[in-house]
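See structure below.
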Amino acid sequence: GIPDTALWDSTNAQVIGPGQLLTLPNRGPNLVSLTPPAASLWGVILAIGGVEQTRIIAIQTDGSARAIDPANGSITLITAAGGLTAEARVCMWRDSHVLFGDPTKGLNSWDGTTFVHYPATFTATTTSGSSTITRTGGLAATAILAGMGISGAGIPAGASILSVVGSTITISSNATATGSPTITVGTGTPQSIRALDVFEARVWLVTGNRGITFSGPGSFTNFETVYAGGSAVLTDP
């Protein structure tokens with residue numbers, strides 16, 4: 001038998017109750033073959049089309065990323081080679097976005113359809129005195145979300161998106177100029193990220209030796225202080 005002090009060596013059994021072990025089955029056939037190989041694998045639960053679905057995110061050695069459905073082995077390309085690096089790290093924002101932090105590719109997101117690098121931009125028309133702007137190009141409308149802070153000519157500092165209906169976007173402040181500006185989402189997003197996680201409705205990024213950057217509450221793109229984002233360097237007391 002296995003001594004009480006040697007259960008850690010029972011690598012093929014799972015404790016299921018007092019004095020009870022369940023022997024693990026043999027490994028099944030390979031689910032998929034990836035070329036080039038995966039540098040890391042990450043399990044996520046993502047709402048796609050309103051349905052919670054399990055996916056395995058593979059970061060490949062050429063900087064591409066793919067989502068694998070463990071139920072049937074189907075593969076979805078997230079970003080092609082060079083979109084990330086093999087050192088990318090992954091975490092979830094709620095159940096709506098997979099976030100990728102990368103030492104050279106910065107912060108990126110994937111909602112099951114669209115891969116976005118931040119800061120991201122779109123073009124729009126604005127009317128002075130109006131809180132409604134109209135998207136005309138750039139970042140896909142489906143990737144523009146309520147709560148995102150925006151900046152650009154004629155957009156007051158601290159403005160954020162309240163709603164998106166088709167190409168019509170309502171923002172929290174009236175535009176101060178009429179024109180066709182380029183609007184930026186994620187101004188100030190760090191471009192070198194060593195690790196990332198989500199806690200207390202904020203994204204926390206490790207950006208250097210003891211350096212951290214955090215988003216404002218309720219957002220994964222608002223890193224400016226006007227949105228209560230910020231950064232700090234941890235020091236010893």
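FYI, nothing fancy with the structure tokens labels: chains A, B, ... in order, residues from 1 per chain, ligands from 1 as they appear.
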Do you know which residues are at most 6 Å from region 119-130 of chain A counting only C-alpha atoms, after dropping those on the same chain fewer than 4 positions away, and could you put them as number ranges by chain? A: 134-139, 174-187
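Each of A:Ala65, A:Leu21, A:Thr54, A:Thr213 was checked against Pro36 (chain A) using only C-alpha atoms; the smallest atom-to-atom distance is that of A:Ala65.
Using only C-alpha atoms, the shortest contact distance between Ala140 (chain A) and any of A:Gln14, A:Gln191, A:Thr170, A:Thr114 is found at A:Thr114.
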Compile the contact shell of region 76-87 of chain A as a PyMOL selection string: residues with an atom at most 12 Å away, counting only C-alpha atoms, same-chain residues fewer than 5 positions apart removed. chain A and resi 34-41+55-70+98-117+191-195
Would you mind exporting the chosen residues as a CSV table (one decimal), in the first residue's frame, restricted to N, CA and C atoms?
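And here is the file that came out, result15.csv:
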```
chain,number,residue,atom,x,y,z
A,34,LEU,N,-0.7,21.2,-33.6
A,34,LEU,CA,-0.5,22.6,-33.9
A,34,LEU,C,0.9,22.7,-34.5
A,35,THR,N,1.0,23.4,-35.6
A,35,THR,CA,2.2,23.8,-36.3
A,35,THR,C,2.2,25.3,-36.6
A,36,PRO,N,3.2,26.0,-36.0
A,36,PRO,CA,4.2,25.6,-35.1
A,36,PRO,C,3.6,25.2,-33.7
A,37,PRO,N,4.4,24.6,-32.8
A,37,PRO,CA,3.9,24.1,-31.6
A,37,PRO,C,3.5,25.3,-30.7
A,38,ALA,N,2.7,24.9,-29.6
A,38,ALA,CA,2.2,25.9,-28.7
A,38,ALA,C,3.4,26.2,-27.7
A,39,ALA,N,3.5,27.5,-27.4
A,39,ALA,CA,4.5,27.9,-26.3
A,39,ALA,C,3.8,27.9,-25.0
A,40,SER,N,2.4,28.1,-25.0
A,40,SER,CA,1.7,28.0,-23.7
A,40,SER,C,0.2,27.7,-24.1
A,41,LEU,N,-0.5,27.1,-23.1
A,41,LEU,CA,-1.9,26.8,-23.3
A,41,LEU,C,-2.7,27.4,-22.1
A,55,ARG,N,-12.9,27.2,-24.2
A,55,ARG,CA,-11.9,27.2,-25.2
A,55,ARG,C,-10.5,27.1,-24.6
A,56,ILE,N,-9.6,26.4,-25.3
A,56,ILE,CA,-8.2,26.4,-25.0
A,56,ILE,C,-7.5,27.4,-25.9
A,57,ILE,N,-6.8,28.4,-25.3
A,57,ILE,CA,-6.1,29.4,-26.1
A,57,ILE,C,-4.7,28.9,-26.2
A,58,ALA,N,-4.2,28.7,-27.4
A,58,ALA,CA,-2.9,28.3,-27.7
A,58,ALA,C,-2.1,29.5,-28.2
A,59,ILE,N,-1.0,29.9,-27.4
A,59,ILE,CA,0.0,30.9,-27.9
A,59,ILE,C,1.1,30.1,-28.6
A,60,GLN,N,1.3,30.3,-29.9
A,60,GLN,CA,2.2,29.5,-30.6
A,60,GLN,C,3.6,30.2,-30.7
A,61,THR,N,4.6,29.4,-31.0
A,61,THR,CA,6.0,29.9,-31.0
A,61,THR,C,6.3,31.0,-32.0
A,62,ASP,N,5.4,31.1,-33.0
A,62,ASP,CA,5.6,32.2,-34.0
A,62,ASP,C,4.8,33.4,-33.7
A,63,GLY,N,4.2,33.5,-32.5
A,63,GLY,CA,3.4,34.7,-32.1
A,63,GLY,C,2.0,34.7,-32.6
A,64,SER,N,1.6,33.6,-33.2
A,64,SER,CA,0.1,33.4,-33.6
A,64,SER,C,-0.6,32.9,-32.4
A,65,ALA,N,-1.9,33.0,-32.4
A,65,ALA,CA,-2.8,32.5,-31.3
A,65,ALA,C,-4.0,31.8,-31.9
A,66,ARG,N,-4.4,30.7,-31.4
A,66,ARG,CA,-5.6,30.0,-31.8
A,66,ARG,C,-6.5,29.6,-30.7
A,67,ALA,N,-7.8,29.5,-30.9
A,67,ALA,CA,-8.7,29.0,-29.9
A,67,ALA,C,-9.2,27.6,-30.3
A,68,ILE,N,-9.1,26.7,-29.4
A,68,ILE,CA,-9.4,25.3,-29.7
A,68,ILE,C,-10.6,24.9,-28.9
A,69,ASP,N,-11.6,24.3,-29.5
A,69,ASP,CA,-12.8,23.8,-28.9
A,69,ASP,C,-12.5,22.4,-28.4
A,70,PRO,N,-12.4,22.2,-27.0
A,70,PRO,CA,-12.1,20.9,-26.5
A,70,PRO,C,-13.1,19.8,-26.8
A,98,VAL,N,-11.1,37.8,-24.0
A,98,VAL,CA,-9.8,37.2,-23.6
A,98,VAL,C,-8.8,38.3,-23.7
A,99,LEU,N,-8.0,38.6,-22.7
A,99,LEU,CA,-7.0,39.6,-22.7
A,99,LEU,C,-5.6,39.0,-22.9
A,100,PHE,N,-4.8,39.6,-23.7
A,100,PHE,CA,-3.4,39.2,-24.0
A,100,PHE,C,-2.5,40.3,-23.6
A,101,GLY,N,-1.6,40.0,-22.7
A,101,GLY,CA,-0.5,40.9,-22.4
A,101,GLY,C,0.8,40.4,-22.9
A,102,ASP,N,1.6,41.3,-23.5
A,102,ASP,CA,2.8,40.8,-24.2
A,102,ASP,C,3.9,41.8,-24.0
A,103,PRO,N,5.2,41.3,-23.9
A,103,PRO,CA,6.3,42.2,-23.6
A,103,PRO,C,6.6,43.2,-24.7
A,104,THR,N,6.2,42.8,-26.0
A,104,THR,CA,6.5,43.7,-27.1
A,104,THR,C,5.2,44.1,-27.8
A,105,LYS,N,4.1,43.4,-27.7
A,105,LYS,CA,2.9,43.7,-28.4
A,105,LYS,C,1.8,44.3,-27.5
A,106,GLY,N,2.2,44.6,-26.2
A,106,GLY,CA,1.3,45.3,-25.3
A,106,GLY,C,0.0,44.6,-25.0
A,107,LEU,N,-1.1,45.3,-24.9
A,107,LEU,CA,-2.4,44.8,-24.5
A,107,LEU,C,-3.3,44.6,-25.7
A,108,ASN,N,-3.9,43.4,-25.8
A,108,ASN,CA,-4.8,43.0,-26.9
A,108,ASN,C,-6.0,42.3,-26.3
A,109,SER,N,-7.1,42.3,-27.1
A,109,SER,CA,-8.3,41.6,-26.6
A,109,SER,C,-8.9,40.8,-27.8
A,110,TRP,N,-9.7,39.8,-27.4
A,110,TRP,CA,-10.4,38.9,-28.4
A,110,TRP,C,-11.8,38.6,-27.8
A,111,ASP,N,-12.8,38.9,-28.5
A,111,ASP,CA,-14.2,38.6,-28.0
A,111,ASP,C,-14.8,37.4,-28.7
A,112,GLY,N,-14.0,36.6,-29.3
A,112,GLY,CA,-14.6,35.4,-30.0
A,112,GLY,C,-14.6,35.6,-31.5
A,113,THR,N,-14.5,36.9,-31.9
A,113,THR,CA,-14.6,37.3,-33.3
A,113,THR,C,-13.4,38.2,-33.7
A,114,THR,N,-13.3,39.3,-32.9
A,114,THR,CA,-12.4,40.4,-33.3
A,114,THR,C,-11.2,40.5,-32.3
A,115,PHE,N,-10.0,40.5,-32.9
A,115,PHE,CA,-8.8,40.7,-32.2
A,115,PHE,C,-8.4,42.2,-32.3
A,116,VAL,N,-8.1,42.8,-31.1
A,116,VAL,CA,-7.9,44.3,-31.1
A,116,VAL,C,-6.6,44.5,-30.3
A,117,HIS,N,-5.7,45.4,-30.9
A,117,HIS,CA,-4.6,45.9,-30.1
A,117,HIS,C,-4.9,47.3,-29.7
A,191,GLN,N,2.8,49.4,-23.6
A,191,GLN,CA,3.1,48.6,-24.7
A,191,GLN,C,4.1,47.5,-24.4
A,192,SER,N,4.4,47.3,-23.1
A,192,SER,CA,5.3,46.2,-22.7
A,192,SER,C,4.6,45.7,-21.4
A,193,ILE,N,4.1,44.4,-21.5
A,193,ILE,CA,3.4,43.8,-20.4
A,193,ILE,C,4.0,42.5,-20.1
A,194,ARG,N,4.4,42.2,-18.8
A,194,ARG,CA,5.0,41.0,-18.5
A,194,ARG,C,4.0,40.0,-17.9
A,195,ALA,N,3.0,40.5,-17.3
A,195,ALA,CA,1.9,39.6,-16.8
A,195,ALA,C,0.7,40.5,-16.6
```
Rows by chain and residue number, region 123-164 of chain A within 12 Å of region 221-234 of chain A, shortest pair, only C-alpha atoms, as a tab-separated table:
```
residue	atom	partner	partner_atom	distance
A:Ala143	CA	A:Thr221	CA	11.8
A:Ile144	CA	A:Thr221	CA	10.9
A:Leu145	CA	A:Thr221	CA	10.2
A:Ala146	CA	A:Thr221	CA	11.2
A:Gly147	CA	A:Asn222	CA	8.6
A:Met148	CA	A:Thr221	CA	6.4
A:Gly149	CA	A:Asn222	CA	5.7
A:Ile150	CA	A:Asn222	CA	8.6
A:Ser151	CA	A:Glu224	CA	10.7
A:Pro156	CA	A:Val226	CA	11.1
A:Ala157	CA	A:Val226	CA	7.6
A:Gly158	CA	A:Val226	CA	5.6
A:Ala159	CA	A:Tyr227	CA	9.0
A:Ser160	CA	A:Tyr227	CA	9.0
A:Ile161	CA	A:Asn222	CA	11.4
```
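Taking CA of Trp93 (chain A) and CA of Trp42 (chain A) as endpoints, the distance between them is 14.0 Å.
Taking only C-alpha atoms into account, Ala13 (chain A) lies nearest to A:Asn26 out of the set A:Thr132, A:Asn26, A:Asn72, A:Ser173.
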DSSP says strand (DSSP E or B) for which residues of region 8-225 of chain A? Put them as JSON, numbers by chain? {"A": [13, 14, 15, 16, 17, 20, 21, 22, 23, 38, 39, 40, 41, 42, 43, 44, 45, 46, 47, 48, 51, 52, 53, 54, 55, 56, 57, 58, 59, 60, 65, 66, 67, 68, 75, 76, 77, 78, 79, 89, 90, 91, 92, 93, 97, 98, 99, 100, 101, 102, 106, 107, 108, 109, 110, 115, 116, 117, 118, 120, 121, 122, 123, 124, 125, 126, 132, 133, 134, 135, 136, 137, 138, 149, 150, 151, 160, 161, 162, 163, 164, 165, 168, 169, 170, 171, 179, 182, 183, 184, 185, 195, 196, 197, 198, 199, 202, 203, 204, 205, 206, 207, 208, 211, 212, 213, 214, 219]}
I want to know what sits within 6 Å of region 47-49 of chain A, based on only C-alpha atoms, with residues of the same chain fewer than 4 positions away left out; could you give that as a PyMOL selection string? chain A and resi 53+95-96+112
As an exercise, work out the distance from CA of Leu24 (chain A) to CA of Asn12 (chain A) in Å and give it to one decimal place. 5.5 Å
